[in-house]
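J.: Sending over structure_5.cif (mmCIF, C-alpha atoms).
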data_run
loop_
_atom_site.label_atom_id
_atom_site.label_comp_id
_atom_site.auth_asym_id
_atom_site.auth_seq_id
_atom_site.Cartn_x
_atom_site.Cartn_y
_atom_site.Cartn_z
CA MET A 1 3.00 -0.49 13.28
CA TYR A 2 0.59 -2.96 14.83
CA HIS A 3 1.44 -4.64 18.12
CA SER A 4 1.51 -8.08 16.44
CA ASP A 5 4.02 -6.77 13.88
CA LEU A 6 6.30 -5.63 16.70
CA ILE A 7 6.10 -9.07 18.29
CA ASP A 8 6.84 -10.78 14.95
CA ARG A 9 9.83 -8.52 14.39
CA ALA A 10 11.17 -9.18 17.89
CA ILE A 11 10.82 -12.94 17.39
CA ALA A 12 12.49 -12.71 14.00
CA GLU A 13 15.42 -10.76 15.42
CA ARG A 14 15.83 -13.27 18.23
CA HIS A 15 15.51 -16.44 16.19
CA GLY A 16 16.32 -15.33 12.64
CA ASP A 17 13.98 -16.13 9.77
CA GLU A 18 12.66 -19.23 11.53
CA GLY A 19 10.73 -17.03 13.96
CA ARG A 20 9.19 -14.83 11.29
CA HIS A 21 5.48 -14.77 10.72
CA PRO A 22 4.88 -15.89 7.10
CA ASP A 23 3.18 -12.58 6.33
CA SER A 24 6.50 -10.82 7.00
CA CYS A 25 8.28 -12.98 4.43
CA PRO A 26 7.67 -11.33 1.05
CA ALA A 27 9.51 -12.55 -2.04
CA LEU A 28 11.64 -10.22 -4.15
CA VAL A 29 10.51 -10.79 -7.74
CA LEU A 30 13.11 -10.68 -10.50
CA ASN A 31 12.45 -10.64 -14.21
CA ALA A 32 13.84 -13.47 -16.32
CA ASP A 33 17.01 -11.40 -16.79
CA TYR A 34 17.49 -11.37 -12.99
CA THR A 35 16.78 -7.67 -12.57
CA PRO A 36 13.95 -6.57 -10.25
CA LEU A 37 10.62 -6.04 -11.99
CA SER A 38 10.52 -2.70 -10.22
CA TYR A 39 12.84 -0.83 -7.86
CA TYR A 40 10.40 1.72 -6.55
CA PRO A 41 8.05 0.47 -5.41
CA LEU A 42 10.12 -2.64 -4.96
CA SER A 43 8.63 -5.67 -6.73
CA LEU A 44 7.52 -7.88 -3.84
CA TRP A 45 4.95 -10.68 -3.71
CA PRO A 46 3.27 -12.07 -0.58
CA TRP A 47 4.55 -15.51 0.36
CA GLN A 48 1.28 -17.16 -0.75
CA THR A 49 1.61 -15.71 -4.27
CA ALA A 50 5.26 -16.73 -4.47
CA VAL A 51 4.55 -20.31 -3.38
CA LYS A 52 1.65 -20.58 -5.82
CA ALA A 53 3.89 -19.34 -8.66
CA VAL A 54 6.48 -21.98 -7.72
CA PHE A 55 3.92 -24.76 -7.96
CA LEU A 56 2.60 -23.40 -11.25
CA GLU A 57 6.22 -23.52 -12.48
CA ARG A 58 6.16 -19.85 -13.45
CA VAL A 59 9.20 -18.92 -11.37
CA ASP A 60 12.52 -20.31 -10.20
CA ILE A 61 13.51 -20.05 -6.54
CA ILE A 62 16.79 -18.19 -6.16
CA SER A 63 16.92 -17.89 -2.36
CA SER A 64 14.72 -18.83 0.57
CA TYR A 65 14.00 -17.75 4.13
CA GLU A 66 14.77 -20.16 6.94
CA ARG A 67 11.06 -19.93 7.80
CA GLN A 68 9.20 -23.02 6.62
CA ILE A 69 5.57 -23.67 5.85
CA HIS A 70 3.96 -27.00 6.55
CA SER A 71 0.99 -28.93 5.22
CA PRO A 72 0.05 -32.63 5.22
CA ASN A 73 1.89 -33.09 1.92
CA LEU A 74 4.50 -30.36 2.04
CA ASP A 75 7.38 -28.91 4.01
CA MET A 76 9.18 -26.08 2.23
CA LYS A 77 11.11 -22.95 2.99
CA ILE A 78 9.37 -19.73 1.98
CA PRO A 79 11.04 -18.23 -1.13
CA SER A 80 12.78 -14.92 -0.50
CA VAL A 81 13.97 -14.29 -4.09
CA ILE A 82 12.25 -15.66 -7.17
CA ALA A 83 12.82 -15.13 -10.90
CA LEU A 84 10.19 -15.28 -13.61
CA LYS A 85 10.77 -17.97 -16.22
CA GLN A 86 9.36 -15.79 -18.97
CA TYR A 87 10.66 -12.26 -19.52
CA VAL A 88 8.14 -9.47 -18.98
CA LYS A 89 8.86 -6.40 -21.08
CA PRO A 90 8.40 -3.30 -18.91
CA SER A 91 6.29 -0.44 -20.22
CA GLU A 92 8.31 2.50 -21.48
CA TYR A 93 6.60 5.27 -19.55
CA PRO A 94 5.35 5.36 -15.94
CA ALA A 95 1.93 6.52 -14.80
CA PHE A 96 1.63 10.23 -14.10
CA THR A 97 1.09 10.12 -10.33
CA ARG A 98 2.07 12.36 -7.44
CA PHE A 99 4.46 9.70 -6.11
CA ASN A 100 6.18 9.21 -9.49
CA LEU A 101 6.46 12.98 -9.86
CA PHE A 102 8.17 13.24 -6.48
CA LEU A 103 10.45 10.34 -7.39
CA ARG A 104 11.41 11.98 -10.70
CA ASP A 105 12.34 15.10 -8.75
CA SER A 106 14.21 13.16 -6.03
CA PHE A 107 11.67 14.10 -3.35
CA ALA A 108 12.95 17.70 -3.31
CA CYS A 109 11.52 21.10 -4.15
CA GLN A 110 12.69 22.07 -7.61
CA TYR A 111 13.03 25.70 -6.56
CA CYS A 112 14.83 25.60 -3.20
CA GLY A 113 15.77 21.93 -2.76
CA SER A 114 13.79 21.39 0.46
CA PRO A 115 12.47 17.86 1.08
CA ASP A 116 9.72 19.11 3.42
CA ASN A 117 6.03 19.86 2.86
CA LEU A 118 6.12 18.77 -0.77
CA THR A 119 3.32 19.49 -3.20
CA PHE A 120 3.30 20.11 -6.93
CA ASP A 121 3.44 23.29 -8.96
CA HIS A 122 2.20 24.10 -12.45
CA VAL A 123 5.22 25.79 -14.04
CA ILE A 124 2.91 27.63 -16.45
CA PRO A 125 -0.09 28.32 -14.21
CA ARG A 126 -3.45 26.86 -15.08
CA ARG A 127 -4.90 30.37 -15.30
CA LEU A 128 -2.50 30.87 -18.24
CA ASN A 129 -3.69 27.59 -19.79
CA GLY A 130 -0.89 25.53 -18.26
CA LYS A 131 -1.58 21.81 -18.55
CA THR A 132 -1.27 19.12 -15.88
CA THR A 133 1.44 17.14 -17.66
CA TRP A 134 4.89 15.77 -16.87
CA GLN A 135 6.45 18.68 -18.78
CA ASN A 136 4.54 21.36 -16.89
CA VAL A 137 4.42 20.09 -13.31
CA ALA A 138 7.30 20.20 -10.84
CA THR A 139 7.72 19.22 -7.21
CA ALA A 140 7.62 22.27 -4.95
CA CYS A 141 7.57 22.81 -1.21
CA ALA A 142 4.52 24.62 0.14
CA PRO A 143 6.40 27.90 0.88
CA CYS A 144 7.84 28.09 -2.66
CA ASN A 145 4.47 27.17 -4.15
CA MET A 146 2.81 29.99 -2.22
CA LYS A 147 5.60 32.42 -3.12
CA LYS A 148 5.27 31.64 -6.83
CA GLY A 149 1.49 31.78 -6.73
CA GLY A 150 -0.21 32.06 -10.11
CA ARG A 151 2.88 33.37 -11.87
CA THR A 152 5.47 31.82 -14.13
CA PRO A 153 8.92 31.21 -12.63
CA GLU A 154 10.25 34.19 -14.59
CA GLN A 155 7.52 36.47 -13.28
CA ALA A 156 8.18 35.27 -9.73
CA HIS A 157 11.99 35.55 -10.18
CA MET A 158 12.36 31.88 -9.27
CA THR A 159 14.51 29.35 -11.09
CA LEU A 160 13.78 25.66 -11.58
CA LYS A 161 16.75 23.45 -10.75
CA VAL A 162 15.86 21.06 -13.59
CA PRO A 163 13.25 21.59 -16.32
CA PRO A 164 10.41 19.07 -15.94
CA ILE A 165 10.44 16.17 -18.40
CA ARG A 166 8.38 13.07 -19.05
CA PRO A 167 10.59 10.33 -17.58
CA THR A 168 10.87 6.81 -18.88
CA ASN A 169 10.32 3.90 -16.54
CA TRP A 170 14.04 3.19 -16.77
CA GLN A 171 14.85 6.71 -15.58
CA LEU A 172 12.47 6.37 -12.63
CA GLN A 173 13.91 2.97 -11.73
CA GLN A 174 17.41 4.48 -11.79
CA ARG A 175 16.20 7.29 -9.54
CA GLY A 176 14.53 4.79 -7.23
CA ARG A 177 17.83 3.07 -6.53
CA ALA A 178 18.85 6.09 -4.48
CA PHE A 179 15.89 5.51 -2.15
CA PRO A 180 16.17 1.93 -0.86
CA PRO A 181 13.36 0.56 1.28
CA HIS A 182 13.71 0.66 5.06
CA TYR A 183 14.23 -3.08 5.26
CA LEU A 184 16.26 -5.31 2.97
CA HIS A 185 16.43 -9.02 3.61
CA GLU A 186 20.02 -10.27 3.32
CA THR A 187 19.12 -12.54 0.39
CA TRP A 188 17.90 -9.52 -1.61
CA ARG A 189 21.13 -7.58 -1.47
CA ASP A 190 22.88 -9.33 -4.37
CA TRP A 191 20.02 -8.39 -6.68
CA LEU A 192 19.54 -4.76 -5.69
CA TYR A 193 22.24 -2.36 -6.80
CA TRP A 194 21.50 0.59 -4.54
CA ASP A 195 23.67 3.69 -4.75
CA ILE A 196 25.86 2.87 -1.79
CA GLU A 197 29.61 2.73 -1.51
CA LEU A 198 30.87 -0.81 -1.93
CA GLU A 199 33.16 -2.17 0.74
CA ALA A 200 36.72 -2.87 -0.35
#
Please re-express this file's structure in structure tokens.
T.:
Amino acid sequence: MYHSDLIDRAIAERHGDEGRHPDSCPALVLNADYTPLSYYPLSLWPWQTAVKAVFLERVDIISSYERQIHSPNLDMKIPSVIALKQYVKPSEYPAFTRFNLFLRDSFACQYCGSPDNLTFDHVIPRRLNGKTTWQNVATACAPCNMKKGGRTPEQAHMTLKVPPIRPTNWQLQQRGRAFPPHYLHETWRDWLYWDIELEA
């Protein structure tokens, strides 16, 4: 973290949102049905993009920071939660990336369950014509990957906890709820249904 970020955070903690630097005031973006466009990564826009969208009448402001921005013709609080006026249909399937693979597998080795030193393993090795696809790649820790080597799980006497599948975006978003970001602004909490125990 940069020194200026530490100063901004200290000011924000001392004075609330009013002391925040605008760059540390992102807006949570909701779809027109008031669900986040994305849980992981969380759908956030920089304050400049959010303000521009407000003036273009593409979004409604749901909540705002106490932090204000000023210009000769404008004084307004920076939006903290905005909702699109037109519904955006999410794509059905996510991109096949290392991060999405780890998210599908809950950031854990699919052989031993370890969350450390993660890499990916071809269930059917490439030397046996195994493809680099959702259905043939699983998250594995480095020790398990080395132990399995160029063998199939059966040959290596190793068992996958869950067979690899091609997840839908909905499935990844559901999985992402178990991994909330490190910082949640208080105005975001009503719109993010993380897997935490609700207070009575």
J.: Please enumerate the residues selected by the PyMOL selection byres ((chain A and resi 165) around 6) when evaluated against the supplied file, formatted as a list in words.
T.: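 Against this file, the PyMOL selection byres ((chain A and resi 165) around 6) returns the residues Trp134, Gln135, Pro164, Arg166 and Pro167 of chain A.
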J.: Apply the PyMOL selection byres ((chain A and resi 159) around 12) to the displayed file and report the matching residues as an NGL selection string.
T.: :A and (109-113 or 123 or 138 or 140 or 144 or 148 or 152-158 or 160-163)
J.: Mind listing whatever residues come within 7 Å of the point (10.6, -10.2, -4.1)? Use all atoms listed in the file, file coordinates, and give them as JSON, numbers by chain.
T.: {"A": [26, 27, 28, 29, 30, 43, 44, 45, 80, 81, 82]}
J.: What separation in Å, quoted to one decimal, exists between atom CA of Ser114 of chain A and atom CA of Gln174 of chain A?
T.: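 Separation of atom CA of Ser114 of chain A and atom CA of Gln174 of chain A: 21.2 Å.
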J.: May I have the residues within 8 Å of Lys131 of chain A as an NGL selection string, using all atoms listed in the file and disregarding those fewer than 6 positions away in the same chain?
T.: :A and (122 or 124-125)
J.: Kindly save the residues from that selection, with C-alpha atoms included, as a PDB file, in the frame of the given file.
T.:
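The result, stored in again.pdb:
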ATOM      1  CA  HIS A 122       2.200  24.100 -12.450  1.00  0.00           C
ATOM      2  CA  ILE A 124       2.910  27.630 -16.450  1.00  0.00           C
ATOM      3  CA  PRO A 125      -0.090  28.320 -14.210  1.00  0.00           C
TER       4      PRO A 125
END
J.: Extending 5 Å beyond the listed atoms of segment 146-150 of chain A on each side, what axis-aligned box results? I want centre and edge lengths in Å to one decimal, as AutoDock Vina command-line options.
T.:
--center_x 2.7 --center_y 31.2 --center_z -6.2 --size_x 15.8 --size_y 12.4 --size_z 17.9
J.: Using the chain letters and numbers from the file, which residues does the PyMOL selection byres ((chain A and resi 32) around 10) grab, as a list in words?
T.: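 Evaluating the PyMOL selection byres ((chain A and resi 32) around 10) on these coordinates yields Val29, Leu30, Asn31, Asp33, Tyr34, Thr35, Pro36, Leu37, Val59, Asp60, Ile82, Ala83, Leu84, Lys85, Gln86, Tyr87, Val88 and Lys89 of chain A.
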J.: Measuring between all atoms listed in the file, which one of A:Arg58, A:Pro41, A:Asp116, A:Pro79 shows the shortest distance to Phe99 of chain A?
T.: A:Pro41
J.: At what distance in Å, to one decimal, does atom CA of Trp170 of chain A lie from atom CA of Tyr93 of chain A?
T.: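 That distance, rounded to one decimal, is 8.2 Å.
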J.: Within 8 Å of Ile69 of chain A, counting only C-alpha atoms, which residues show up once you throw out same-chain ones fewer than 4 positions away? Write them as a PyMOL selection string, please.
T.: chain A and resi 22+74-78
J.: So what do you get for atom CA of Pro143 of chain A versus atom CA of Arg126 of chain A, distance-wise?
T.: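 It comes out at 18.8 Å.
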J.: Can you tell me which residues surround Phe107 of chain A at a distance of at most 8 Å, considering all atoms listed in the file, apart from same-chain residues fewer than 3 positions away, and format the answer as a list in words?
T.: Phe102, Leu103, Arg104, Pro115, Leu118 and Thr139 of chain A
J.: Go through A:Gly130, A:Leu172, A:Ser64, A:Gln48 and flag the residue nearest Phe96 of chain A, using all atoms listed in the file for the distances.
T.: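 With all atoms listed in the file as the atom set, the closest residue is A:Leu172.
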J.: Find, counting all atoms listed in the file, the residue in A:Cys25, A:Thr187, A:Thr133, A:Phe120 that gets nearest to Gly149 of chain A.
T.: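 Of A:Cys25, A:Thr187, A:Thr133, A:Phe120, the one nearest Gly149 of chain A, counting all atoms listed in the file, is A:Phe120.
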J.: Of the candidates A:Glu92, A:Trp188, A:Leu101, A:Thr168, which one gets nearest to Tyr65 of chain A if we count all atoms listed in the file?
T.: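 For Tyr65 of chain A, the nearest of the given residues is A:Trp188.
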J.: For Tyr40 of chain A, which residue out of A:Asn100, A:Leu128, A:Arg67, A:Leu184 is the nearest one, using all atoms listed in the file?
T.: A:Asn100
